[in-house]
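Asker: Structure file coords_10.txt, compact mmCIF, C-alpha atoms and all ligand atoms, is pasted below:
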# COMPACT_ATOMS: atom_id res chain seq x y z
CA MET A 1 127.02 111.01 102.38
CA SER A 2 126.55 112.96 99.18
CA ALA A 3 123.39 115.02 98.88
CA ASP A 4 122.05 112.72 96.17
CA ARG A 5 122.59 109.65 98.37
CA SER A 6 121.02 111.35 101.39
CA HIS A 7 118.01 112.16 99.27
CA ALA A 8 117.70 108.49 98.24
CA ALA A 9 118.19 107.34 101.85
CA ALA A 10 115.47 109.69 103.13
CA HIS A 11 113.14 108.33 100.46
CA ALA A 12 113.89 104.74 101.46
CA ALA A 13 113.23 105.54 105.14
CA LEU A 14 109.93 107.27 104.41
CA ARG A 15 108.60 104.36 102.38
CA LEU A 16 107.75 102.52 105.61
CA PRO A 17 104.99 104.46 107.33
CA ALA A 18 104.73 102.43 110.56
CA PRO A 19 107.86 103.80 112.30
CA TRP A 20 106.84 107.34 111.38
CA ARG A 21 103.41 106.85 112.91
CA LEU A 22 105.04 105.77 116.16
CA LEU A 23 107.57 108.57 116.03
CA SER A 24 104.84 111.08 115.30
CA MET A 25 102.98 110.06 118.47
CA ALA A 26 106.10 109.81 120.63
CA GLU A 27 107.50 113.16 119.49
CA GLY A 28 104.23 115.07 119.05
CA LEU A 29 105.02 115.87 115.43
CA ASN A 30 101.44 116.82 114.56
CA VAL A 31 100.84 120.04 116.47
CA ASP A 32 97.07 119.90 116.79
CA ASP A 33 96.22 123.51 117.68
CA ALA A 34 93.09 125.33 116.54
CA ARG A 35 95.03 128.61 116.42
CA LEU A 36 97.06 127.28 113.47
CA LYS A 37 94.10 126.41 111.26
CA THR A 38 94.34 128.26 107.97
CA ARG A 39 92.18 128.41 104.87
CA PHE A 40 94.07 128.71 101.60
CA ALA A 41 92.51 128.63 98.13
CA GLY A 42 89.34 127.10 99.51
CA ILE A 43 91.17 124.32 101.39
CA ASP A 44 91.23 123.97 105.18
CA LEU A 45 94.76 123.38 106.41
CA PRO A 46 95.58 122.16 109.93
CA ASN A 47 98.50 124.61 109.93
CA PRO A 48 100.08 126.99 107.41
CA VAL A 49 103.42 125.16 106.92
CA GLY A 50 103.50 122.75 103.98
CA LEU A 51 106.12 120.56 102.32
CA ALA A 52 106.96 122.03 98.91
CA ALA A 53 106.99 120.23 95.55
CA GLY A 54 110.05 118.22 94.59
CA PHE A 55 110.65 115.91 97.56
CA ASP A 56 107.93 113.38 96.79
CA LYS A 57 107.83 113.71 93.02
CA ASN A 58 105.83 110.54 92.40
CA ALA A 59 103.43 110.61 95.37
CA GLU A 60 105.06 107.51 96.85
CA LEU A 61 105.71 108.72 100.38
CA LEU A 62 102.42 110.24 101.45
CA GLU A 63 101.76 107.82 104.29
CA GLY A 64 105.13 108.54 105.92
CA LEU A 65 105.19 112.25 105.13
CA SER A 66 101.70 112.78 106.53
CA CYS A 67 103.07 111.83 110.00
CA LEU A 68 105.50 114.75 110.08
CA GLY A 69 103.10 117.56 110.99
CA PHE A 70 103.01 119.52 107.75
CA GLY A 71 99.82 121.48 107.03
CA PHE A 72 99.79 120.05 103.52
CA ILE A 73 102.05 118.04 101.25
CA CYS A 74 102.70 119.06 97.69
CA VAL A 75 103.71 116.09 95.53
CA GLY A 76 105.28 116.39 92.07
CA SER A 77 106.24 117.77 89.72
CA ILE A 78 104.19 115.06 88.04
CA MET A 79 105.29 114.87 84.41
CA PRO A 80 103.30 113.30 81.54
CA GLU A 81 105.78 110.51 80.94
CA ALA A 82 108.66 108.84 82.75
CA ARG A 83 111.87 110.92 82.48
CA TYR A 84 115.37 110.22 83.71
CA GLY A 85 116.24 113.86 84.46
CA ASN A 86 119.70 115.40 84.38
CA PRO A 87 123.04 113.62 84.92
CA PHE A 88 124.31 113.19 88.51
CA PRO A 89 125.37 114.92 90.70
CA ARG A 90 122.04 116.73 90.83
CA LEU A 91 122.28 118.26 94.29
CA VAL A 92 124.90 120.35 96.08
CA ARG A 93 124.49 121.43 99.71
CA TYR A 94 125.82 124.66 101.24
CA PRO A 95 125.40 123.78 104.95
CA SER A 96 126.78 127.03 106.34
CA ARG A 97 124.14 128.90 104.34
CA GLN A 98 121.41 126.26 104.81
CA SER A 99 120.97 126.32 101.05
CA ILE A 100 120.91 123.84 98.17
CA ALA A 101 121.57 124.00 94.44
CA ASP A 102 119.56 121.51 92.42
CA SER A 103 119.67 120.47 88.80
CA MET A 104 117.32 117.52 88.97
CA GLY A 105 115.80 118.17 85.55
CA VAL A 106 112.34 117.03 86.71
CA PRO A 107 112.92 113.26 86.87
CA SER A 108 109.58 111.47 87.03
CA LYS A 109 108.03 108.02 86.97
CA GLY A 110 105.32 109.57 84.82
CA ARG A 111 101.70 110.51 85.35
CA PRO A 112 100.09 107.04 85.24
CA PHE A 113 102.36 105.92 88.09
CA ALA A 114 101.65 109.01 90.22
CA VAL A 115 97.90 108.83 89.61
CA ASP A 116 97.93 105.19 90.66
CA GLN A 117 99.76 106.12 93.88
CA LEU A 118 97.28 108.90 94.60
CA LYS A 119 94.31 106.59 94.00
CA ARG A 120 95.70 104.09 96.46
CA ARG A 121 96.68 106.49 99.23
CA ALA A 122 95.05 105.47 102.48
CA THR A 123 95.54 108.57 104.57
CA ARG A 124 93.35 111.63 104.16
CA ARG A 125 94.51 113.40 107.29
CA VAL A 126 96.70 115.95 105.54
CA PRO A 127 95.58 117.89 102.45
CA VAL A 128 97.53 116.87 99.36
CA PHE A 129 98.46 119.26 96.58
CA ALA A 130 99.88 118.01 93.29
CA ASN A 131 102.29 120.07 91.24
CA VAL A 132 101.66 119.21 87.59
CA GLY A 133 104.24 119.96 84.92
CA GLY A 134 104.66 119.50 81.21
CA PHE A 135 106.26 121.14 78.21
CA SER A 136 103.08 122.29 76.48
CA SER A 137 99.69 123.59 77.59
CA GLU A 138 98.07 120.38 76.34
CA GLN A 139 100.37 118.23 78.44
CA ILE A 140 99.79 120.30 81.57
CA ALA A 141 96.01 120.47 81.07
CA ASP A 142 95.82 116.70 80.53
CA GLY A 143 97.86 116.25 83.71
CA ILE A 144 95.52 118.49 85.70
CA ASN A 145 92.47 116.63 84.45
CA ALA A 146 94.02 113.27 85.34
CA VAL A 147 95.25 114.23 88.81
CA GLN A 148 92.55 116.59 90.05
CA PRO A 149 90.03 113.95 91.24
CA TYR A 150 92.57 112.51 93.68
CA VAL A 151 94.04 115.62 95.32
CA ASP A 152 92.81 118.67 97.22
CA LEU A 153 94.52 121.23 95.02
CA VAL A 154 96.53 121.25 91.82
CA GLU A 155 99.60 123.46 91.41
CA ILE A 156 100.27 124.39 87.80
CA SER A 157 103.98 124.41 86.98
CA LEU A 158 104.74 126.32 83.78
CA MET A 159 107.89 124.80 82.35
CA CYS A 160 110.01 126.10 79.58
CA PRO A 161 109.60 123.79 76.58
CA ASN A 162 113.00 122.52 75.48
CA VAL A 163 112.04 123.06 71.86
CA LEU A 164 112.66 126.81 71.62
CA ALA A 165 114.45 128.11 68.55
CA PRO A 166 117.69 130.05 69.30
CA GLY A 167 116.79 133.53 70.53
CA GLU A 168 113.14 132.58 71.11
CA VAL A 169 111.82 133.52 74.56
CA PHE A 170 109.60 131.26 76.67
CA ASP A 171 106.13 132.83 76.78
CA GLU A 172 104.81 131.57 80.11
CA ILE A 173 101.67 133.71 79.89
CA ALA A 174 100.65 132.21 76.54
CA MET A 175 101.27 128.78 78.01
CA LEU A 176 99.15 129.58 81.06
CA ARG A 177 96.31 130.90 78.88
CA GLY A 178 96.47 127.67 76.87
CA VAL A 179 96.24 125.61 80.07
CA LEU A 180 93.36 127.65 81.49
CA ASP A 181 91.40 127.40 78.23
CA ARG A 182 91.67 123.65 78.44
CA ILE A 183 90.65 123.31 82.09
CA GLU A 184 87.85 125.84 81.90
CA GLY A 185 85.39 125.57 84.76
CA ARG A 186 87.84 123.77 87.00
CA ALA A 187 90.41 126.52 87.48
CA LEU A 188 89.11 127.26 90.97
CA SER A 189 90.79 124.21 92.44
CA ALA A 190 94.14 125.04 90.86
CA ILE A 191 96.89 127.46 91.85
CA VAL A 192 99.69 128.72 89.64
CA ARG A 193 103.36 128.54 90.50
CA VAL A 194 104.77 131.86 89.27
CA PRO A 195 107.98 130.98 87.39
CA ASN A 196 111.01 132.47 89.14
CA ASP A 197 112.09 134.28 85.97
CA THR A 198 108.70 135.99 85.73
CA THR A 199 109.19 137.63 89.13
CA GLN A 200 112.20 139.49 87.66
CA ILE A 201 110.09 141.36 85.09
CA PRO A 202 107.50 143.50 86.91
CA ASP A 203 105.15 143.95 83.92
CA ARG A 204 105.01 140.23 83.23
CA PHE A 205 104.64 139.42 86.91
CA ALA A 206 101.66 141.79 87.11
CA GLU A 207 100.18 140.48 83.83
CA LEU A 208 100.46 136.85 84.91
CA ILE A 209 98.62 137.67 88.14
CA GLU A 210 95.89 139.52 86.20
CA VAL A 211 95.42 136.45 83.97
CA CYS A 212 95.07 134.28 87.08
CA VAL A 213 92.61 136.64 88.75
CA SER A 214 90.39 136.96 85.68
CA ALA A 215 90.36 133.22 85.10
CA GLY A 216 89.32 132.53 88.71
CA VAL A 217 92.53 130.68 89.60
CA ALA A 218 92.44 129.79 93.30
CA GLY A 219 95.89 131.02 94.33
CA LEU A 220 99.56 131.60 93.55
CA LYS A 221 102.85 130.07 94.65
CA VAL A 222 105.46 132.80 94.76
CA GLY A 223 109.13 132.01 95.45
CA GLY A 224 112.57 133.45 94.99
CA GLY A 225 114.79 130.75 93.46
CA ARG A 226 117.46 131.76 90.98
CA ARG A 227 119.85 130.07 88.52
CA VAL A 228 123.43 129.75 89.75
CA PRO A 229 126.61 128.31 88.25
CA GLU A 230 127.73 125.26 90.28
CA PRO A 231 130.64 123.13 89.00
CA GLY A 232 129.69 120.37 91.49
CA LEU A 233 126.49 119.65 89.55
CA GLY A 234 126.43 117.34 86.55
CA THR A 235 125.05 120.16 84.42
CA GLY A 236 127.36 122.85 85.88
CA VAL A 237 124.37 125.06 86.64
CA GLY A 238 121.41 124.76 89.00
CA THR A 239 118.64 126.54 90.89
CA LEU A 240 119.40 127.94 94.31
CA HIS A 241 117.01 127.24 97.22
CA GLY A 242 117.12 127.74 101.00
CA ARG A 243 118.16 130.60 103.28
CA ASP A 244 120.06 132.34 100.49
CA ILE A 245 116.81 133.12 98.68
CA PHE A 246 114.60 134.09 101.62
CA ASP A 247 114.95 137.87 101.18
CA ALA A 248 114.25 137.66 97.45
CA ALA A 249 111.25 135.40 98.08
CA LEU A 250 109.86 137.78 100.69
CA ALA A 251 110.24 140.73 98.32
CA ASN A 252 108.50 138.77 95.55
CA VAL A 253 105.60 137.87 97.83
CA GLU A 254 105.24 141.53 98.79
CA ARG A 255 105.26 142.54 95.11
CA ALA A 256 102.74 139.84 94.24
CA ALA A 257 100.44 140.97 97.07
CA GLY A 258 100.68 144.51 95.70
CA PHE A 259 99.64 143.35 92.22
CA ALA A 260 96.98 141.00 93.59
CA ARG A 261 95.32 143.60 95.86
CA GLY A 262 93.55 140.95 97.88
CA ARG A 263 91.93 139.27 94.88
CA ILE A 264 93.88 136.01 95.01
CA PRO A 265 95.68 134.32 97.93
CA ILE A 266 99.42 133.66 97.93
CA LYS A 267 101.52 130.74 99.15
CA GLY A 268 104.95 132.09 100.03
CA ASN A 269 107.98 129.88 99.39
CA GLY A 270 111.75 130.15 99.48
CA GLY A 271 114.12 129.82 102.42
CA VAL A 272 111.42 129.58 105.09
CA SER A 273 112.96 127.88 108.12
CA SER A 274 111.43 129.34 111.29
CA ALA A 275 108.23 130.72 112.80
CA ALA A 276 109.65 134.23 112.34
CA ASP A 277 110.03 133.54 108.61
CA VAL A 278 106.42 132.35 108.37
CA LEU A 279 105.23 135.49 110.13
CA ALA A 280 107.37 137.67 107.84
CA MET A 281 105.83 135.92 104.84
CA ARG A 282 102.39 136.58 106.26
CA ARG A 283 103.15 140.25 106.80
CA ALA A 284 104.37 140.39 103.19
CA GLY A 285 100.98 139.05 102.05
CA ALA A 286 101.15 135.24 102.12
CA THR A 287 98.33 133.12 103.55
CA CYS A 288 100.50 130.02 104.01
CA VAL A 289 104.00 128.83 103.12
CA ASP A 290 105.78 125.72 101.98
CA LEU A 291 109.39 124.69 102.42
CA TYR A 292 111.89 122.12 101.26
CA SER A 293 115.47 123.10 102.21
CA ALA A 294 114.62 123.55 105.90
CA PHE A 295 113.32 119.94 105.89
CA VAL A 296 116.71 118.85 104.55
CA TYR A 297 118.66 120.79 107.20
CA GLN A 298 116.37 120.50 110.24
CA GLY A 299 114.95 117.04 109.54
CA TRP A 300 111.65 115.46 110.45
CA THR A 301 110.89 117.80 113.38
CA VAL A 302 110.90 120.96 111.26
CA ALA A 303 107.12 121.42 110.93
CA ARG A 304 106.55 120.65 114.62
CA ASP A 305 109.20 123.09 115.78
CA ILE A 306 107.90 125.90 113.59
CA ASN A 307 104.26 125.24 114.47
CA ARG A 308 104.86 125.11 118.22
CA GLU A 309 106.41 128.55 118.11
CA LEU A 310 103.88 129.85 115.62
CA ALA A 311 100.70 128.73 117.43
CA PRO A 312 100.41 131.61 119.94
CA LEU A 313 101.30 134.19 117.28
CA TRP A 314 99.55 133.10 114.09
CA GLN A 315 96.03 134.42 114.65
CA THR A 316 97.15 137.73 116.16
CA SER A 317 99.95 138.46 113.68
CA GLY A 318 99.38 141.08 110.98
CA ARG A 319 96.68 139.76 108.71
CA SER A 320 97.87 139.14 105.19
CA SER A 321 96.32 141.36 102.58
CA ASP A 322 94.86 138.32 100.87
CA VAL A 323 93.02 136.84 103.83
CA ALA A 324 89.97 138.70 102.60
CA ALA A 325 90.36 137.08 99.19
CA ALA A 326 90.77 133.69 100.77
CA ALA A 327 87.59 134.25 102.77
CA ARG A 328 85.73 135.30 99.63
CA LEU A 329 86.95 132.20 97.79
CA ALA A 330 85.95 130.06 100.74
CA SER A 331 82.42 131.41 100.67
C1 LIG B 1 115.94 118.97 95.18
C2 LIG B 1 114.79 119.85 94.80
C3 LIG B 1 113.88 119.41 93.85
C4 LIG B 1 112.81 120.22 93.49
N1 LIG B 1 111.92 119.76 92.57
C5 LIG B 1 110.85 120.51 92.25
C6 LIG B 1 109.88 120.03 91.33
O1 LIG B 1 109.94 118.91 90.84
N2 LIG B 1 108.84 120.85 91.00
C7 LIG B 1 108.71 122.10 91.55
O2 LIG B 1 107.75 122.80 91.21
N3 LIG B 1 109.59 122.56 92.45
C8 LIG B 1 110.66 121.82 92.80
N4 LIG B 1 111.56 122.29 93.72
C9 LIG B 1 111.39 123.64 94.29
C10 LIG B 1 110.72 123.61 95.66
O3 LIG B 1 109.35 123.28 95.54
C11 LIG B 1 110.82 124.98 96.35
O4 LIG B 1 110.16 125.94 95.54
C12 LIG B 1 112.27 125.41 96.53
O5 LIG B 1 113.04 124.38 97.07
C13 LIG B 1 112.37 126.65 97.44
O6 LIG B 1 111.97 126.35 98.75
P1 LIG B 1 113.07 126.14 99.91
O7 LIG B 1 113.95 127.37 99.87
O8 LIG B 1 112.29 125.99 101.16
O9 LIG B 1 113.84 124.91 99.54
C14 LIG B 1 112.65 121.50 94.09
C15 LIG B 1 113.58 121.91 95.05
C16 LIG B 1 114.63 121.12 95.42
C17 LIG B 1 115.59 121.60 96.48
Take the structure in the file and give it back as structure tokens.

Answerer:
Amino acid sequence: MSADRSHAAAHAALRLPAPWRLLSMAEGLNVDDARLKTRFAGIDLPNPVGLAAGFDKNAELLEGLSCLGFGFICVGSIMPEARYGNPFPRLVRYPSRQSIADSMGVPSKGRPFAVDQLKRRATRRVPVFANVGGFSSEQIADGINAVQPYVDLVEISLMCPNVLAPGEVFDEIAMLRGVLDRIEGRALSAIVRVPNDTTQIPDRFAELIEVCVSAGVAGLKVGGGRRVPEPGLGTGVGTLHGRDIFDAALANVERAAGFARGRIPIKGNGGVSSAADVLAMRRAGATCVDLYSAFVYQGWTVARDINRELAPLWQTSGRSSDVAAAARLAS
């Protein structure tokens, strides 16, 4: 099956929550272990391993996904209006490297649809984060205001507007400032996804983190994805995820923790696929992680398998430099 078809098939399967509830009980997918409890950005998580943004873009699968043992589920990116996204194929798998190139182009059913789904969700047993995107600070701020009442945490996704003049550079910091001005007073329940390009420019990386700290933003998502040419994609170019980016992601988390100096907690992301990876992320300065590619390659037992191995090690592993910040935020 092509990657795009597998993605659609997984979605179809997860739309029916009842079998997943049974499977969850039969297979012990929810590892209920006090040693895994983690506080991130003021939110209590049952464990530190979440499902990253992009799988459940429209918040349609929360009932099924919440049976799989993740410590939180990040839905989105939720876009202001319905969008088709890029031409197919949009996904290419590299199984030997447990990696994926994607060129989805943020397809979305639009914010009203996602908000309606979130309003109706029955389960509250797993914290839900919502990644909110848009092509201007107004669009993103409106999205945050609309979604925030129905989720535990908002993740701000700064997207390059596709209206740049030739030679013009995307100013993600100006966009972030514009968003924060518009959601003043509520920034504490939002985290910022550091754009992958920003991590390549140390001064901007540091500046973006300073803006977040001074505005009282609750946390950061730091990853390691990068653009790659891929003739198998409809657009011929995509973003690389999975094992291939783990080392870069780890280095970025370490850099971010250095800039943050314990003032803001970090969610590490990129190529995480084992308990050892989670511990490495923690040593680099992350409080929790989220993953996507490992879910594709390891399937519905991935969170359970990681958490079982992690449970005896999590509390005694090297404390991340931002645990203190998380504790301060919590209080
Ligand atoms: C198919 C696919 C779609 C994605 N869509 C989104 C998205 O809509 N919004 C977003 O912020 N991140 C998106 N991501 C990025 C993931 O949230 C995550 O940062 C990335 O996959 C790296 O983690 P991984 O190496 O564990 O896959 C997507 C990733 C993949 C593979």

Asker: With all atoms listed in the file as the counted atoms, please give the residues lying no more than 6 Å from region 155-159 of chain A, apart from itself and same-chain residues fewer than 4 positions off, as a list of chain:residue names.

Answerer: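 Non-adjacent residues within range: A:Ala130, A:Asn131, A:Val132, A:Gly133, A:Phe135, A:Ala190, A:Ile191, A:Val192, A:Arg193.
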
Asker: Distance limit 7 Å, reference ligand LIG 1 (chain B), atoms considered: all atoms listed in the file. Which residues make the cut? Give them as an MDAnalysis selection string.

Answerer: chainID A and resid 52:55 57 76:77 91 100:102 104 106 131 157 223 225 241:243 245:246 269:272 290:294

Asker: Report the distance between CA of Arg90 (chain A) and CA of Thr235 (chain A) in Å, rounded to one decimal place.

Answerer: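 Computing it gives 7.9 Å between the two atoms.
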
Asker: Within 12 Å of (90.9, 116.2, 94.4) (coordinates as in the file), grab all the protein and nucleic acid residues, counting all atoms listed in the file, and write them out as JSON, numbers by chain.

Answerer: {"A": [43, 115, 118, 119, 124, 127, 128, 129, 130, 144, 145, 146, 147, 148, 149, 150, 151, 152, 153, 154, 155, 186, 188, 189, 190]}

Asker: Provide an axis-aligned box for all listed atoms of region 245-253 of chain A, padding each side by 5 Å; report its centre and its edge lengths in Å to one decimal, as JSON.

Answerer:
{"center_x": 111.2, "center_y": 136.9, "center_z": 98.6, "size_x": 21.2, "size_y": 17.6, "size_z": 16.1}

Asker: Of the candidates A:Leu16, A:Ser24, A:Gly71, A:Leu36, which one gets nearest to Thr301 (chain A) if we count all atoms listed in the file?

Answerer: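 Checking each of A:Leu16, A:Ser24, A:Gly71, A:Leu36 against Thr301 (chain A), counting all atoms listed in the file, the winner is A:Ser24.
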
Asker: Tell me which protein, DNA and RNA residues are within 7 Å of Ala303 (chain A), counting all atoms listed in the file, leaving out same-chain ones fewer than 6 positions away, and put them as a list in words.

Answerer: Val49, Leu68, Gly69 and Phe70 of chain A

Asker: Got a sec: who's within 9 Å of Ile306 (chain A), counting only C-alpha atoms, leaving out chain neighbours fewer than 5 positions off, as a tab-separated table (two decimals) with C-alpha atoms, in the coordinates of the input?

Answerer:
chain	number	residue	atom	x	y	z
A	49	VAL	CA	103.42	125.16	106.92
A	273	SER	CA	112.96	127.88	108.12
A	274	SER	CA	111.43	129.34	111.29
A	275	ALA	CA	108.23	130.72	112.80
A	276	ALA	CA	109.65	134.23	112.34
A	278	VAL	CA	106.42	132.35	108.37
A	301	THR	CA	110.89	117.80	113.38
A	311	ALA	CA	100.70	128.73	117.43

Asker: Just the number, please: distance in Å from CA of Glu63 (chain A) to CA of Ala10 (chain A), one decimal.

Answerer: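 These atoms are spaced 13.9 Å apart.
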
Asker: Quick one: pull the distance between CA of Ser96 (chain A) and CA of Arg308 (chain A), Å, one decimal.

Answerer: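 Atom-to-atom, CA of Ser96 (chain A) and CA of Arg308 (chain A) are spaced 25.0 Å apart.
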
Asker: I want to know what sits within 12 Å of Asp44 (chain A), based on all atoms listed in the file, with residues of the same chain fewer than 2 positions away left out; could you give that as a ChimeraX atom specification?

Answerer: /A:34,36-42,46-48,71-72,125-128,152-153,287-288,326-327,329-330

Asker: Take the residues from that selection and write them out as a PDB file, in the frame of the given file, keeping C-alpha atoms.

Answerer:
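File produced: again29.pdb:
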ATOM      1  CA  ALA A  34      93.090 125.330 116.540  1.00  0.00           C
ATOM      2  CA  LEU A  36      97.060 127.280 113.470  1.00  0.00           C
ATOM      3  CA  LYS A  37      94.100 126.410 111.260  1.00  0.00           C
ATOM      4  CA  THR A  38      94.340 128.260 107.970  1.00  0.00           C
ATOM      5  CA  ARG A  39      92.180 128.410 104.870  1.00  0.00           C
ATOM      6  CA  PHE A  40      94.070 128.710 101.600  1.00  0.00           C
ATOM      7  CA  ALA A  41      92.510 128.630  98.130  1.00  0.00           C
ATOM      8  CA  GLY A  42      89.340 127.100  99.510  1.00  0.00           C
ATOM      9  CA  PRO A  46      95.580 122.160 109.930  1.00  0.00           C
ATOM     10  CA  ASN A  47      98.500 124.610 109.930  1.00  0.00           C
ATOM     11  CA  PRO A  48     100.080 126.990 107.410  1.00  0.00           C
ATOM     12  CA  GLY A  71      99.820 121.480 107.030  1.00  0.00           C
ATOM     13  CA  PHE A  72      99.790 120.050 103.520  1.00  0.00           C
ATOM     14  CA  ARG A 125      94.510 113.400 107.290  1.00  0.00           C
ATOM     15  CA  VAL A 126      96.700 115.950 105.540  1.00  0.00           C
ATOM     16  CA  PRO A 127      95.580 117.890 102.450  1.00  0.00           C
ATOM     17  CA  VAL A 128      97.530 116.870  99.360  1.00  0.00           C
ATOM     18  CA  ASP A 152      92.810 118.670  97.220  1.00  0.00           C
ATOM     19  CA  LEU A 153      94.520 121.230  95.020  1.00  0.00           C
ATOM     20  CA  THR A 287      98.330 133.120 103.550  1.00  0.00           C
ATOM     21  CA  CYS A 288     100.500 130.020 104.010  1.00  0.00           C
ATOM     22  CA  ALA A 326      90.770 133.690 100.770  1.00  0.00           C
ATOM     23  CA  ALA A 327      87.590 134.250 102.770  1.00  0.00           C
ATOM     24  CA  LEU A 329      86.950 132.200  97.790  1.00  0.00           C
ATOM     25  CA  ALA A 330      85.950 130.060 100.740  1.00  0.00           C
TER      26      ALA A 330
END

Asker: Pick from A:Glu207, A:Asp116, A:Glu309, A:Glu254: nearest to Gly285 (chain A), with all atoms listed in the file counted?

Answerer: A:Glu254

Asker: Would you list the residues near (108.3, 139.7, 99.1) (no more than 12 Å away, in the coordinates of the file, using all atoms listed in the file) as a PyMOL selection string?

Answerer: chain A and resi 199+221-224+245-259+266-271+277-278+280-286

Asker: Nearest to Leu313 (chain A) among A:Val228, A:Leu279, A:Ala59, A:Ala218, with distances taken over all atoms listed in the file: which residue is it?

Answerer: A:Leu279

Asker: Nearest to Ser6 (chain A) among A:Thr198, A:Leu22, A:Arg93, A:Ile209, with distances taken over all atoms listed in the file: which residue is it?

Answerer: A:Arg93

Asker: Between A:Arg263, A:Arg15, A:Asp142, A:Ser137, single out the one closest to Leu65 (chain A), counting all atoms listed in the file.

Answerer: A:Arg15

Asker: Could you check the closest approach to Leu208 (chain A) for each of A:Asn196, A:Glu172, A:Gly178, A:Asp33 and tell me which residue wins, using all atoms listed in the file?

Answerer: A:Glu172
